[in-house]
Amino acid sequence: MAGIRSRNDVDLTFDMIKMIHQPADANERVARLASLALAAALVAILAPQPAVATGVDSMPGWTVTGDQTDSNFGISATSAGDVNGDGFLDALIGSDGFSDGESDEGRVALYYGGASGLAQTPGWTFQGDQASANFGHRVAAGDFNGDGHGDLAVGAYFFDGGQTDEGAVFVFHGSPTGPGPMPNWSAESDQAFAQFGNSVATTDVDADGYDDLVIGAPRFSNGQMDEGRVFLYSGSAAGLSALPTWTAEIDQPGAFFGFPVGDAGDVNGDGFGDLVVGAIFSDIPASDTGAAYLYLGSTAGPSGSFDWHVTGSQTSELLGHGVRGAGDVNGDGYDDVIVGGPGFTSGFSAEGRALVYAGSADGLASTAIWTAYGGQTDGFFGFPT
């Protein structure tokens, strides 16, 4: 909607979105499978594969389930790199509704890889230890200090530091014995209700050999209510910078810029990592059409202003709800980007769609080279990509 969205309106919309992740009864839990697409892809990547490339197996090579009702196990998942340096990739899975002394404190669990695939029990876990912090709502991994071990980044977007629901992100360094018992780095937004850590991603934007951490705070306000802000913290031999080295806003009230953030790969082939950012409630050209923005990397870091953007075409499309690099889908040597619009309506109401934009020496194309649709009422295809 045009103008400033009220806190109640925003909370109601978020409740509607969270219903997909937190179904009310057993029949609705089928819908949660859509939110586990990332975990399923992770399983396919990490599962032992035959020597001859045949694509993704029709059955998972590894499965694991949560051990607590309504813990939301699998709401976030990522390949963690090689956290303990044993030569096998590991997996990190979040359950932001986990409770153990504090309701909805959240937890993450690290599953080590081995010659037989991923372990069935976690080799390391960590809990939020604050009621309703939702620790583990988003997770990412990279090598922030360049020591060859995968490091873990965990968002707790309702964490209360000095301010209510300001949000926080915690980083745990990898080592030969795995992550330690306490985080090695943390950051907060220092603004109430900013939801810092609602989205996290890693990339090397300045190509210095150290991964950088990108954090979205979609309800951050700085002149415009709930405009959102993205923060980048640079990696180094000592780890992540204490303060952000780059921030971005789009100065649109209620846009929720930074929900979400993603690693775009290298779309223009210059060797620098690029960033893609969603703003799901952007009102250009119509109410809640949504938008996605690309920032190119460089020696000095990301661009000062966005280098590319695309907007939704329908009211309440929420384009940009899923944004990330798609790899080089057309084999031309440039990475491509996929963007989801889960509220898009074509043959079916809110069937959703996903679009791929091709990279080139000039950056991303202005029109999609591929589009797919949900083909089902309330399919929310593209939530997330």
# chains A, B, ... in the order shown; residues from 1 in each chain; ligands from 1

call {"tool": "residues_around", "arguments": {"residues": "Ser186 (chain A)", "least_positions_apart": "5", "cutoff": "9 Å", "atoms": "only C-alpha atoms", "output": "list of chain:residue names"}}
result
A:Ala168, A:Val169, A:Phe170, A:Val171, A:Ala242

call {"tool": "closest_residue", "arguments": {"among": "A:Ala354, A:Leu110, A:Val267, A:Val64", "to": "Ala141 (chain A)", "atoms": "only C-alpha atoms"}}
result
A:Leu110

call {"tool": "select_by_dssp", "arguments": {"residues": "region 191-341 of chain A", "states": "strand (DSSP E)", "output": "number ranges by chain"}}
result
A: 199-203, 212-217, 229-233, 246-248, 257-265, 274-279, 291-295, 308-311, 322-327, 336-341

call {"tool": "residues_around", "arguments": {"residues": "region 131-136 of chain A", "least_positions_apart": "3", "cutoff": "8 Å", "atoms": "only C-alpha atoms", "output": "PyMOL selection string"}}
result
chain A and resi 76+93-97+102-108+127-128+139+154-160+165+167

call {"tool": "atom_distance", "arguments": {"atom1": "CA of Tyr210 (chain A)", "atom2": "CA of Ser234 (chain A)"}}
result
7.8 Å

call {"tool": "closest_residue", "arguments": {"among": "A:Ala119, A:Ala153, A:Val56, A:Met182", "to": "Asp211 (chain A)", "atoms": "only C-alpha atoms"}}
result
A:Ala153

call {"tool": "residues_around", "arguments": {"residues": "region 217-226 of chain A", "least_positions_apart": "6", "cutoff": "10 Å", "atoms": "only C-alpha atoms", "output": "JSON, numbers by chain"}}
result
{"A": [3, 4, 5, 6, 7, 10, 157, 166, 167, 168, 188, 189, 190, 191, 192, 193, 194, 195, 196, 197, 198, 199, 200, 249, 250, 251, 252, 253, 254, 255, 256, 257, 258, 259, 260, 261, 278, 279, 280, 281]}

call {"tool": "atom_distance", "arguments": {"atom1": "CA of Thr65 (chain A)", "atom2": "CA of Asp100 (chain A)"}}
result
17.3 Å

call {"tool": "closest_residue", "arguments": {"among": "A:Ser241, A:Thr177, A:Gln68, A:Thr247", "to": "Gly304 (chain A)", "atoms": "only C-alpha atoms"}}
result
A:Thr247

call {"tool": "residues_around", "arguments": {"residues": "region 311-319 of chain A", "least_positions_apart": "6", "cutoff": "6 Å", "atoms": "only C-alpha atoms", "output": "list in words"}}
result
Ile280, Ala286, Ser287, Asp288, Thr289, Gly290, Ala291, Gly340, Gly341, Gly343 and Phe344 of chain A
